[in-house]
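Coordinates from work.cif are shown below (mmCIF, C-alpha atoms).
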```
data_protein
#
loop_
_atom_site.label_atom_id
_atom_site.label_comp_id
_atom_site.auth_asym_id
_atom_site.auth_seq_id
_atom_site.Cartn_x
_atom_site.Cartn_y
_atom_site.Cartn_z
CA MET G 665 0.00 0.00 0.00
CA SER G 666 1.36 3.39 -0.95
CA PRO G 667 1.93 5.85 1.85
CA THR G 668 -0.47 8.78 2.17
CA LEU G 669 0.12 12.33 3.40
CA PHE G 670 -2.28 12.00 6.28
CA ASP G 671 -2.33 9.53 9.18
CA ASN G 672 -5.40 8.20 10.84
CA ASP G 673 -6.06 11.39 12.78
CA SER G 674 -5.67 13.48 9.56
CA ARG G 675 -2.53 15.21 10.74
CA LEU G 676 0.37 15.83 8.38
CA ASP G 677 3.10 13.17 8.53
CA TRP G 678 6.39 14.99 7.76
CA ARG G 679 8.22 11.70 7.27
CA LYS G 680 5.88 10.83 4.42
CA ILE G 681 6.31 14.30 2.90
CA GLY G 682 10.09 13.76 2.93
CA TYR G 683 9.64 10.42 1.22
CA TYR G 684 7.67 12.05 -1.61
CA ALA G 685 10.15 14.85 -1.99
CA ARG G 686 13.07 12.47 -2.33
CA SER G 687 11.13 10.35 -4.85
CA THR G 688 10.12 13.39 -6.93
CA PHE G 689 13.69 14.70 -6.98
CA ALA G 690 14.96 11.30 -8.12
CA VAL G 691 12.44 11.22 -10.97
CA LEU G 692 13.28 14.77 -12.01
CA LEU G 693 17.00 14.01 -11.82
CA SER G 694 16.53 10.87 -13.91
CA LEU G 695 14.45 12.82 -16.42
CA ALA G 696 17.07 15.54 -16.60
CA VAL G 697 19.79 12.95 -17.24
CA LEU G 698 17.62 11.30 -19.85
CA ILE G 699 16.80 14.58 -21.59
CA GLY G 700 20.33 15.88 -21.37
CA GLY G 701 21.73 12.66 -22.73
CA GLY G 702 19.17 12.65 -25.52
CA TRP G 703 19.99 16.22 -26.48
CA PHE G 704 23.66 15.36 -26.46
CA VAL G 705 23.03 12.37 -28.73
CA TYR G 706 20.72 14.43 -30.97
CA SER G 707 23.32 17.18 -31.26
CA LYS G 708 25.97 14.67 -32.25
CA VAL G 709 23.70 12.96 -34.79
CA ASN G 710 22.59 16.29 -36.23
CA ASP G 711 26.18 17.48 -36.51
CA ALA G 712 27.09 14.25 -38.28
CA TYR G 713 24.14 14.65 -40.66
CA LEU G 714 25.07 18.23 -41.47
CA ALA G 715 28.67 17.23 -42.06
CA TRP G 716 27.55 14.43 -44.38
CA ARG G 717 24.91 16.62 -46.06
CA THR G 718 27.27 19.51 -46.74
CA GLU G 719 30.23 17.43 -47.82
CA ASP G 720 28.92 17.33 -51.41
CA ASP G 721 26.13 19.91 -51.29
CA TYR G 722 25.24 23.33 -49.97
CA MET G 723 22.30 24.09 -47.70
CA GLY G 724 20.17 27.19 -47.47
CA GLU G 725 18.88 29.66 -50.03
CA GLY G 726 22.16 30.59 -51.69
CA LYS G 727 24.16 33.80 -51.48
CA ASP G 728 25.26 36.15 -54.27
CA PRO G 729 23.49 36.55 -57.64
CA VAL G 730 25.40 35.05 -60.56
CA GLN G 731 24.73 34.51 -64.27
CA VAL G 732 25.62 31.16 -65.80
CA VAL G 733 25.70 30.33 -69.50
CA ILE G 734 24.76 26.77 -70.46
CA PRO G 735 25.93 26.01 -74.01
CA SER G 736 23.83 24.12 -76.51
CA GLY G 737 24.30 20.36 -76.35
CA ALA G 738 25.84 20.35 -72.86
CA SER G 739 25.36 17.09 -70.94
CA VAL G 740 24.11 16.96 -67.35
CA THR G 741 27.68 16.32 -66.19
CA GLN G 742 28.99 19.27 -68.20
CA ILE G 743 26.27 21.49 -66.77
CA GLY G 744 27.27 20.34 -63.29
CA ASP G 745 30.90 21.21 -64.03
CA ILE G 746 29.85 24.69 -65.18
CA LEU G 747 27.80 25.22 -62.01
CA VAL G 748 30.68 24.08 -59.79
CA GLU G 749 33.09 26.42 -61.56
CA ALA G 750 30.63 29.31 -61.08
CA GLY G 751 30.30 28.50 -57.37
CA VAL G 752 26.63 27.62 -57.69
CA VAL G 753 26.76 23.99 -56.56
CA LYS G 754 29.36 22.12 -54.59
CA SER G 755 29.55 18.84 -56.50
CA THR G 756 28.96 17.78 -60.08
CA ARG G 757 28.12 14.28 -58.85
CA THR G 758 25.42 15.56 -56.50
CA PHE G 759 23.91 17.76 -59.22
CA ARG G 760 23.94 14.87 -61.69
CA ASN G 761 22.25 12.58 -59.16
CA VAL G 762 19.55 15.16 -58.43
CA ALA G 763 18.91 15.70 -62.15
CA GLN G 764 18.75 11.98 -62.96
CA GLN G 765 16.52 11.12 -60.00
CA SER G 766 14.11 13.92 -60.93
CA GLY G 767 13.26 12.34 -64.27
CA ASP G 768 13.37 15.83 -65.83
CA SER G 769 17.02 16.06 -66.81
CA ASP G 770 16.00 16.11 -70.49
CA LYS G 771 14.22 19.43 -69.87
CA LEU G 772 17.46 21.29 -69.17
CA GLN G 773 18.05 23.93 -71.84
CA ALA G 774 20.91 26.02 -73.14
CA GLY G 775 20.95 29.71 -72.34
CA ARG G 776 21.87 32.35 -69.80
CA PHE G 777 20.42 31.84 -66.32
CA ASN G 778 20.18 34.02 -63.22
CA LEU G 779 21.17 31.85 -60.26
CA ARG G 780 22.86 32.32 -56.86
CA THR G 781 26.11 31.03 -55.48
CA GLU G 782 26.17 28.20 -52.93
CA LEU G 783 22.81 26.67 -53.76
CA PRO G 784 21.68 23.14 -52.90
CA ALA G 785 21.92 21.04 -56.05
CA GLU G 786 18.17 20.44 -56.04
CA THR G 787 17.43 24.17 -55.85
CA ALA G 788 19.89 24.91 -58.65
CA PHE G 789 18.29 22.23 -60.81
CA ASP G 790 14.79 23.62 -60.18
CA MET G 791 15.95 27.14 -61.00
CA LEU G 792 17.40 25.98 -64.32
CA LEU G 793 14.01 24.54 -65.25
CA ASP G 794 12.17 27.75 -64.37
CA PRO G 795 11.84 30.03 -67.47
CA ALA G 796 11.65 33.03 -65.15
CA ASN G 797 15.34 32.57 -64.38
CA GLN G 798 16.42 32.49 -68.02
CA GLU G 799 17.70 35.73 -69.50
CA ARG G 800 17.52 35.85 -73.28
CA LEU G 801 20.14 37.60 -75.37
CA TRP G 802 18.38 39.64 -78.04
CA VAL G 803 19.88 41.31 -81.09
CA THR G 804 17.83 43.73 -83.18
CA PHE G 805 18.71 44.71 -86.75
CA PRO G 806 16.83 47.77 -88.07
CA GLU G 807 15.55 47.69 -91.62
CA GLY G 808 17.96 49.22 -94.10
CA THR G 809 21.16 48.43 -92.22
CA THR G 810 24.08 47.12 -94.26
CA ALA G 811 25.92 43.86 -93.59
CA ALA G 812 28.83 45.89 -92.19
CA GLU G 813 26.53 47.80 -89.84
CA GLN G 814 24.93 44.56 -88.74
CA ALA G 815 28.37 43.11 -87.99
CA ASP G 816 28.97 46.04 -85.63
CA ILE G 817 25.58 45.45 -83.98
CA ILE G 818 26.39 41.77 -83.44
CA ALA G 819 29.78 42.61 -81.95
CA ASP G 820 28.26 45.26 -79.67
CA LYS G 821 25.35 43.16 -78.39
CA THR G 822 27.08 39.79 -78.04
CA GLY G 823 30.66 40.68 -77.17
CA LEU G 824 31.97 38.82 -80.21
CA ALA G 825 34.95 40.35 -81.95
CA ALA G 826 34.05 42.21 -85.14
CA ALA G 827 36.77 40.24 -86.91
CA ASP G 828 34.99 37.00 -85.96
CA VAL G 829 31.74 38.27 -87.45
CA THR G 830 33.53 39.31 -90.64
CA ALA G 831 35.19 35.90 -90.86
CA ALA G 832 31.83 34.17 -90.40
CA ALA G 833 30.46 36.14 -93.36
CA ALA G 834 33.38 35.28 -95.62
CA ASP G 835 32.30 31.76 -96.59
CA THR G 836 28.73 32.21 -97.81
CA SER G 837 28.46 28.62 -99.03
CA ILE G 838 27.38 27.55 -95.53
CA TYR G 839 24.23 29.70 -95.67
CA ALA G 840 20.90 28.85 -97.30
CA LEU G 841 21.03 31.73 -99.78
CA PRO G 842 18.69 31.68 -102.78
CA GLU G 843 20.45 31.00 -106.06
CA TYR G 844 19.75 34.52 -107.31
CA ALA G 845 21.71 36.00 -104.36
CA GLN G 846 24.86 35.06 -106.29
CA GLY G 847 26.63 34.00 -103.13
CA LYS G 848 26.34 37.39 -101.41
CA LEU G 849 24.84 38.07 -97.99
CA GLU G 850 24.03 41.75 -98.53
CA GLY G 851 20.29 42.07 -98.95
CA PHE G 852 19.54 38.65 -97.49
CA LEU G 853 20.32 39.22 -93.79
CA PHE G 854 16.72 39.80 -92.82
CA PRO G 855 16.33 42.66 -90.32
CA ALA G 856 14.36 41.69 -87.21
CA LYS G 857 14.71 41.01 -83.49
CA TYR G 858 16.39 37.69 -82.81
CA ALA G 859 16.93 35.62 -79.68
CA VAL G 860 20.56 34.51 -79.78
CA GLY G 861 21.70 31.17 -78.43
CA GLU G 862 24.55 31.19 -75.95
CA PRO G 863 27.41 31.22 -76.10
CA PRO G 864 26.76 33.32 -79.23
CA LYS G 865 28.20 32.26 -82.57
CA ALA G 866 28.32 34.70 -85.47
CA SER G 867 27.63 32.09 -88.15
CA ASP G 868 24.52 30.92 -86.27
CA ILE G 869 23.15 34.47 -86.17
CA LEU G 870 23.80 35.04 -89.88
CA ALA G 871 22.31 31.66 -90.75
CA THR G 872 19.14 32.50 -88.82
CA GLN G 873 18.79 35.80 -90.69
CA VAL G 874 19.25 34.14 -94.08
CA LYS G 875 16.68 31.47 -93.19
CA GLN G 876 14.24 34.17 -92.10
CA PHE G 877 14.67 35.94 -95.43
CA GLY G 878 13.87 32.66 -97.15
CA ARG G 879 10.72 32.18 -95.09
CA VAL G 880 9.51 35.73 -95.73
CA ALA G 881 10.32 35.56 -99.46
CA GLU G 882 8.45 32.28 -99.79
CA ASP G 883 5.48 33.60 -97.83
CA MET G 884 5.34 36.67 -100.08
CA GLY G 885 5.76 34.64 -103.24
CA LEU G 886 8.67 36.91 -104.16
CA GLU G 887 10.01 34.96 -107.12
CA GLY G 888 6.61 34.32 -108.67
CA ARG G 889 5.48 37.92 -108.29
CA ALA G 890 8.78 39.17 -109.68
CA ALA G 891 8.27 36.98 -112.74
CA GLU G 892 4.79 38.44 -113.22
CA MET G 893 6.34 41.93 -113.14
CA GLN G 894 9.05 40.75 -115.54
CA VAL G 895 11.66 41.75 -112.99
CA GLU G 896 14.53 39.61 -111.77
CA PRO G 897 14.24 38.53 -108.11
CA LEU G 898 17.66 40.03 -107.35
CA ASP G 899 16.49 43.35 -108.81
CA VAL G 900 13.46 43.26 -106.52
CA VAL G 901 15.74 42.83 -103.48
CA THR G 902 18.09 45.54 -104.77
CA ILE G 903 15.22 48.00 -105.25
CA ALA G 904 13.86 47.10 -101.81
CA SER G 905 17.29 47.74 -100.30
CA ILE G 906 17.37 51.24 -101.80
CA ILE G 907 13.84 51.90 -100.54
CA ALA G 908 14.76 50.76 -97.02
CA SER G 909 17.87 52.96 -97.04
CA GLU G 910 16.03 56.05 -98.28
CA VAL G 911 12.83 56.10 -96.19
CA SER G 912 11.60 54.38 -93.04
CA GLU G 913 7.88 55.20 -93.12
CA PRO G 914 6.01 52.20 -94.60
CA GLU G 915 3.43 54.44 -96.30
CA ASP G 916 6.21 56.22 -98.24
CA GLN G 917 7.97 53.09 -99.42
CA PRO G 918 5.61 52.19 -102.33
CA LYS G 919 5.95 55.81 -103.52
CA VAL G 920 9.74 55.55 -103.52
CA ALA G 921 9.41 52.27 -105.41
CA ALA G 922 7.33 54.11 -108.02
CA VAL G 923 10.02 56.76 -108.38
CA ILE G 924 12.68 54.09 -108.95
CA TYR G 925 10.63 52.20 -111.54
CA ASN G 926 9.61 55.46 -113.27
CA ARG G 927 13.20 56.62 -113.56
CA LEU G 928 14.35 53.24 -114.85
CA ALA G 929 11.57 53.28 -117.44
CA ALA G 930 12.55 56.80 -118.51
CA GLU G 931 16.22 55.77 -118.64
CA MET G 932 17.04 58.43 -116.06
CA PRO G 933 19.91 57.84 -113.63
CA LEU G 934 18.54 56.94 -110.22
CA GLN G 935 20.76 59.49 -108.43
CA MET G 936 20.16 57.98 -105.01
CA ASP G 937 22.44 59.28 -102.26
CA SER G 938 22.02 55.97 -100.43
CA THR G 939 23.87 54.13 -103.20
CA VAL G 940 26.71 56.62 -103.00
CA HIS G 941 26.90 56.14 -99.24
CA TYR G 942 27.27 52.43 -99.88
CA ALA G 943 29.95 53.03 -102.49
CA VAL G 944 32.09 55.18 -100.19
CA GLY G 945 31.20 53.36 -96.95
CA ARG G 946 29.91 56.44 -95.14
CA PHE G 947 26.51 56.46 -93.46
CA ASP G 948 26.69 59.33 -90.93
CA THR G 949 24.77 61.87 -93.05
CA VAL G 950 21.82 61.79 -95.45
CA THR G 951 23.52 64.02 -98.02
CA THR G 952 26.56 63.44 -100.21
CA THR G 953 29.33 65.71 -101.41
CA ALA G 954 30.17 66.49 -105.05
CA GLU G 955 33.39 64.52 -104.60
CA GLU G 956 31.49 61.48 -103.34
CA ARG G 957 28.98 61.69 -106.18
CA ALA G 958 31.89 61.55 -108.61
CA VAL G 959 33.41 58.37 -107.16
CA ASP G 960 33.98 55.63 -109.70
CA SER G 961 31.88 52.74 -108.39
CA PRO G 962 29.16 50.64 -110.02
CA TYR G 963 27.10 51.45 -106.91
CA ASN G 964 27.24 55.18 -107.73
CA THR G 965 23.87 55.78 -109.36
CA TYR G 966 24.82 59.37 -110.12
CA LYS G 967 27.62 58.13 -112.37
CA TYR G 968 26.21 54.85 -113.69
CA PRO G 969 22.67 54.35 -115.06
CA GLY G 970 20.33 51.61 -113.97
CA LEU G 971 20.36 49.65 -110.76
CA PRO G 972 23.53 48.98 -108.79
CA PRO G 973 24.93 45.44 -109.19
CA GLY G 974 23.27 44.23 -105.98
CA PRO G 975 21.53 45.25 -102.77
CA ILE G 976 22.98 48.12 -100.74
CA SER G 977 21.31 47.16 -97.45
CA ASN G 978 19.05 44.54 -95.93
CA PRO G 979 15.36 45.31 -96.55
CA GLY G 980 12.49 44.16 -94.37
CA ARG G 981 9.07 42.93 -95.44
CA THR G 982 7.51 46.35 -96.05
CA ALA G 983 10.31 47.42 -98.40
CA LEU G 984 10.14 44.09 -100.24
CA GLU G 985 6.37 44.47 -100.59
CA ALA G 986 6.85 48.01 -101.91
CA ALA G 987 9.32 46.78 -104.54
CA LEU G 988 6.74 44.19 -105.64
CA MET G 989 3.79 46.60 -105.50
CA PRO G 990 4.86 50.18 -106.24
CA ALA G 991 2.39 53.01 -105.88
CA ASP G 992 0.43 54.20 -108.89
CA SER G 993 2.33 57.44 -109.30
CA ASP G 994 4.12 59.46 -111.97
CA ALA G 995 6.61 60.92 -109.47
CA LEU G 996 10.23 61.11 -110.54
CA PHE G 997 11.66 62.83 -107.48
CA PHE G 998 11.41 62.68 -103.72
CA VAL G 999 13.12 64.25 -100.74
CA THR G 1000 12.68 63.89 -96.99
CA VAL G 1001 12.11 67.45 -95.79
CA ASP G 1002 12.11 66.74 -92.03
CA LEU G 1003 14.51 64.15 -90.65
CA ASP G 1004 12.78 64.12 -87.27
CA THR G 1005 9.28 63.38 -88.50
CA GLY G 1006 10.37 61.55 -91.65
CA GLU G 1007 8.08 63.71 -93.79
CA THR G 1008 8.88 62.95 -97.42
CA ARG G 1009 7.59 64.86 -100.43
CA PHE G 1010 7.25 63.54 -103.98
CA ALA G 1011 7.22 65.42 -107.26
CA ALA G 1012 6.69 64.72 -110.96
CA THR G 1013 8.54 67.81 -112.18
CA ILE G 1014 11.91 69.31 -111.40
CA GLU G 1015 10.25 72.59 -110.41
CA GLU G 1016 8.16 70.87 -107.76
CA HIS G 1017 11.19 68.95 -106.59
CA ASN G 1018 13.32 72.08 -106.27
CA ALA G 1019 10.63 73.64 -104.08
CA ASN G 1020 10.71 70.54 -101.86
CA VAL G 1021 14.51 70.63 -101.74
CA ALA G 1022 14.30 74.23 -100.54
CA LEU G 1023 12.19 73.03 -97.60
CA PHE G 1024 14.80 70.40 -96.81
CA GLN G 1025 17.57 73.01 -96.92
CA GLN G 1026 15.61 75.22 -94.53
CA TRP G 1027 15.33 72.30 -92.10
CA CYS G 1028 19.06 71.61 -92.37
CA GLN G 1029 19.88 75.28 -91.66
CA ALA G 1030 17.69 75.11 -88.56
CA ASN G 1031 19.32 71.84 -87.47
CA ALA G 1032 23.03 72.36 -87.95
CA GLY G 1033 25.08 69.20 -88.30
CA ARG G 1034 22.12 66.95 -88.95
CA CYS G 1035 22.31 66.77 -92.73
#
```
Please express what this file holds, its structure, as structure tokens.
Amino acid sequence: MSPTLFDNDSRLDWRKIGYYARSTFAVLLSLAVLIGGGWFVYSKVNDAYLAWRTEDDYMGEGKDPVQVVIPSGASVTQIGDILVEAGVVKSTRTFRNVAQQSGDSDKLQAGRFNLRTELPAETAFDMLLDPANQERLWVTFPEGTTAAEQADIIADKTGLAAADVTAAAADTSIYALPEYAQGKLEGFLFPAKYAVGEPPKASDILATQVKQFGRVAEDMGLEGRAAEMQVEPLDVVTIASIIASEVSEPEDQPKVAAVIYNRLAAEMPLQMDSTVHYAVGRFDTVTTTAEERAVDSPYNTYKYPGLPPGPISNPGRTALEAALMPADSDALFFVTVDLDTGETRFAATIEEHNANVALFQQWCQANAGRC
């Protein structure tokens, strides 16, 4: 029978109270030893787990932002090596294991990714699969830019050396040029905004532009429509290149096309400053000097009649459409009278044209250094 706190006469028994106190203390002491020992063991086990866990992997949410470029065709192991070198993950083996066990390793893509240093392999893998972390490299080529100008754009936007871009353009046999291009890229590097694969490669960019020209030309029916007009396809692209170099407003382009066709029909020299710019390799002004207009080049349409021997820039769709569908106009002249607004005036007589030129000269006087 367990002792009670009260005896038969209901008075406190201090000996029994002492017994309970000693028993309670012993239980508490035993519990403290048990808990303390358990915490000690837990601490040791946890430390061992952390040591094992962090031997080949990081823990936490990562540290500093970092951009990593995954090249096209890289294997999971190669991607792991790249991440280790960038300080993103600790072990290629751990990253490879995570990727393979996920069943989604085939979803890894090439490109530039925003990650963080010292990430767990699983987190790094998940971030590579998230499109929100991919940063695309874009290169935009305006309509009417020459191949040389586009080479500078590529070098500026991608970090490639201009010499590498020039070298990539040297062997045109590797590009899907139409036969009528006569092995030349000028005119067939379609101007548009392109997403560039990384690391960037100049020949890949040029190849994409040439393919895009082919798609657009096929969609427009360029060759068939040129045949209906009794115009060579190369002449269509050449005319479009002049249009794109002279005016940027789509509504003016068919009118410029009409001027070109009208002058050709009248056996008048085209006298386009844009062709002279191409001949002398200077594009910083819209006007030309008397010396430049006298240069001996087949691209100088002041000196030589007819079209130049090939395109002088790379036209976009609107310029190509204009060359295939010129406006119904008897204009023989045009001049852009305001370089800010792009306002262009057309004339059928030299008197009208001279009046328009006077407006252009007034604008140039009011905007020194712009013409």
Once the PyMOL selection byres ((chain G and resi 803-808) around 6) has been applied to the shown file, what residues remain in the selection, as a PDB file with C-alpha atoms, keeping the file's coordinate frame?
```
ATOM      1  CA  TRP G 802      18.380  39.640 -78.040  1.00  0.00           C
ATOM      2  CA  THR G 809      21.160  48.430 -92.220  1.00  0.00           C
ATOM      3  CA  PRO G 855      16.330  42.660 -90.320  1.00  0.00           C
ATOM      4  CA  ALA G 856      14.360  41.690 -87.210  1.00  0.00           C
ATOM      5  CA  LYS G 857      14.710  41.010 -83.490  1.00  0.00           C
ATOM      6  CA  TYR G 858      16.390  37.690 -82.810  1.00  0.00           C
ATOM      7  CA  ALA G 908      14.760  50.760 -97.020  1.00  0.00           C
ATOM      8  CA  SER G 909      17.870  52.960 -97.040  1.00  0.00           C
ATOM      9  CA  SER G 977      21.310  47.160 -97.450  1.00  0.00           C
ATOM     10  CA  ASN G 978      19.050  44.540 -95.930  1.00  0.00           C
ATOM     11  CA  PRO G 979      15.360  45.310 -96.550  1.00  0.00           C
ATOM     12  CA  GLY G 980      12.490  44.160 -94.370  1.00  0.00           C
TER      13      GLY G 980
END
```
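At a cut-off of 10 Å from (15.6, 42.0, -106.3), the residue set is Tyr844, Ala845, Gly851, Leu886, Glu887, Ala890, Val895, Glu896, Pro897, Leu898, Asp899, Val900, Val901, Thr902, Ile903, Ala904, Ser905, Gly974, Pro975, Leu984, Ala987 and Leu988 of chain G (counting all atoms listed in the file).
Neighbours of His941 (chain G) closer than or equal to 10 Å, with only C-alpha atoms counted and sequence neighbours fewer than 5 positions away skipped, come out as Ser909, Met936, Arg946, Phe947, Asp948, Thr949, Val950, Thr951, Thr952, Glu956, Arg957, Tyr963, Asn964 and Ile976 of chain G.
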Show which residues sit within 6 Å of region 1012-1027 of chain G, as a VMD selection string. Count all atoms listed in the file, and ignore same-chain residues fewer than 5 positions away.
chain G and resid 994 to 996 1001
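Compared by their closest atoms to Ala812 (chain G), and using only C-alpha atoms, the residues G:Thr787, G:Asn761, G:Thr830, G:Gln798 rank with G:Thr830 nearest.
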Starting from the shown file, work through the PyMOL selection byres ((chain G and resi 771-780) around 9) and note down what comes out as a VMD selection string.
chain G and resid 725 to 738 740 751 to 752 768 to 770 781 to 783 788 to 789 791 to 793 795 to 801 860 to 863
Which of these residues is nearest to Pro933 (chain G), using all atoms listed in the file: G:Leu971, G:Leu870, G:Cys1035, G:Ala986?
G:Leu971
For Ala825 (chain G), which of G:Ala991, G:Ala866, G:Val762, G:Ile906 is the closest residue, counting only C-alpha atoms?
G:Ala866
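The interatomic distance for the pair CA of Asp745 (chain G) and CA of Gly724 (chain G) works out to 20.6 Å.
With distances taken from (17.8, 20.7, -51.0) and restricted to all atoms listed in the file, the residues inside 7 Å are G:Met723, G:Pro784, G:Ala785, G:Glu786, G:Thr787.
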Using all atoms listed in the file, which of the listed residues (G:Asp721, G:Asp992, G:Glu749, G:Glu813) sits closest to Gly945 (chain G)?
G:Glu813
Nearest to Leu849 (chain G) by atom-to-atom distance, counting all atoms listed in the file, from G:Ala819, G:Ile743, G:Ala811, G:Ala832:
G:Ala811
Between CA of Leu928 (chain G) and CA of Glu882 (chain G), what is the distance in Å, rounded to a tenth?
26.5 Å
Would you mind completing region 841-859 of chain G to N, CA, C and O atoms and writing the output as an mmCIF file, keeping the file's coordinate frame?
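After the write, rebuild32.cif holds the following:
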```
data_model
loop_
_atom_site.group_PDB
_atom_site.id
_atom_site.type_symbol
_atom_site.label_atom_id
_atom_site.label_comp_id
_atom_site.auth_asym_id
_atom_site.auth_seq_id
_atom_site.Cartn_x
_atom_site.Cartn_y
_atom_site.Cartn_z
ATOM 1 N N LEU G 841 21.361 30.602 -98.913
ATOM 2 C CA LEU G 841 21.030 31.730 -99.780
ATOM 3 C C LEU G 841 20.268 31.243 -101.008
ATOM 4 O O LEU G 841 20.548 30.163 -101.534
ATOM 5 N N PRO G 842 19.328 32.055 -101.510
ATOM 6 C CA PRO G 842 18.690 31.680 -102.780
ATOM 7 C C PRO G 842 19.720 31.769 -103.906
ATOM 8 O O PRO G 842 20.710 32.504 -103.812
ATOM 9 N N GLU G 843 19.491 31.038 -104.949
ATOM 10 C CA GLU G 843 20.450 31.000 -106.060
ATOM 11 C C GLU G 843 20.684 32.390 -106.633
ATOM 12 O O GLU G 843 21.806 32.749 -107.022
ATOM 13 N N TYR G 844 19.614 33.200 -106.692
ATOM 14 C CA TYR G 844 19.750 34.520 -107.310
ATOM 15 C C TYR G 844 20.542 35.508 -106.442
ATOM 16 O O TYR G 844 20.867 36.607 -106.888
ATOM 17 N N ALA G 845 20.883 35.125 -105.203
ATOM 18 C CA ALA G 845 21.710 36.000 -104.360
ATOM 19 C C ALA G 845 23.148 36.047 -104.837
ATOM 20 O O ALA G 845 23.919 36.930 -104.415
ATOM 21 N N GLN G 846 23.514 35.108 -105.705
ATOM 22 C CA GLN G 846 24.860 35.060 -106.290
ATOM 23 C C GLN G 846 25.950 34.975 -105.229
ATOM 24 O O GLN G 846 27.029 35.542 -105.363
ATOM 25 N N GLY G 847 25.621 34.256 -104.148
ATOM 26 C CA GLY G 847 26.630 34.000 -103.130
ATOM 27 C C GLY G 847 26.950 35.190 -102.230
ATOM 28 O O GLY G 847 27.961 35.158 -101.517
ATOM 29 N N LYS G 848 26.090 36.210 -102.229
ATOM 30 C CA LYS G 848 26.340 37.390 -101.410
ATOM 31 C C LYS G 848 25.284 37.519 -100.313
ATOM 32 O O LYS G 848 24.107 37.279 -100.538
ATOM 33 N N LEU G 849 25.750 37.937 -99.126
ATOM 34 C CA LEU G 849 24.840 38.070 -97.990
ATOM 35 C C LEU G 849 24.073 39.394 -97.995
ATOM 36 O O LEU G 849 22.948 39.462 -97.489
ATOM 37 N N GLU G 850 24.679 40.439 -98.541
ATOM 38 C CA GLU G 850 24.030 41.750 -98.530
ATOM 39 C C GLU G 850 22.663 41.672 -99.192
ATOM 40 O O GLU G 850 22.520 41.202 -100.323
ATOM 41 N N GLY G 851 21.650 42.112 -98.452
ATOM 42 C CA GLY G 851 20.290 42.070 -98.950
ATOM 43 C C GLY G 851 19.492 40.899 -98.424
ATOM 44 O O GLY G 851 18.263 40.903 -98.492
ATOM 45 N N PHE G 852 20.209 39.882 -97.892
ATOM 46 C CA PHE G 852 19.540 38.650 -97.490
ATOM 47 C C PHE G 852 19.697 38.357 -95.995
ATOM 48 O O PHE G 852 19.335 37.278 -95.533
ATOM 49 N N LEU G 853 20.228 39.316 -95.252
ATOM 50 C CA LEU G 853 20.320 39.220 -93.790
ATOM 51 C C LEU G 853 19.089 39.920 -93.222
ATOM 52 O O LEU G 853 19.123 41.114 -92.918
ATOM 53 N N PHE G 854 18.022 39.184 -93.102
ATOM 54 C CA PHE G 854 16.720 39.800 -92.820
ATOM 55 C C PHE G 854 16.756 40.569 -91.505
ATOM 56 O O PHE G 854 17.139 40.029 -90.461
ATOM 57 N N PRO G 855 16.322 41.840 -91.532
ATOM 58 C CA PRO G 855 16.330 42.660 -90.320
ATOM 59 C C PRO G 855 15.132 42.351 -89.419
ATOM 60 O O PRO G 855 13.985 42.390 -89.861
ATOM 61 N N ALA G 856 15.412 42.028 -88.176
ATOM 62 C CA ALA G 856 14.360 41.690 -87.210
ATOM 63 C C ALA G 856 15.014 41.590 -85.835
ATOM 64 O O ALA G 856 16.223 41.813 -85.688
ATOM 65 N N LYS G 857 14.210 41.244 -84.844
ATOM 66 C CA LYS G 857 14.710 41.010 -83.490
ATOM 67 C C LYS G 857 14.875 39.509 -83.299
ATOM 68 O O LYS G 857 13.929 38.743 -83.483
ATOM 69 N N TYR G 858 16.089 39.101 -82.926
ATOM 70 C CA TYR G 858 16.390 37.690 -82.810
ATOM 71 C C TYR G 858 16.863 37.334 -81.402
ATOM 72 O O TYR G 858 17.646 38.078 -80.795
ATOM 73 N N ALA G 859 16.398 36.193 -80.913
ATOM 74 C CA ALA G 859 16.930 35.620 -79.680
ATOM 75 C C ALA G 859 18.166 34.811 -80.063
ATOM 76 O O ALA G 859 18.101 33.929 -80.914
#
```
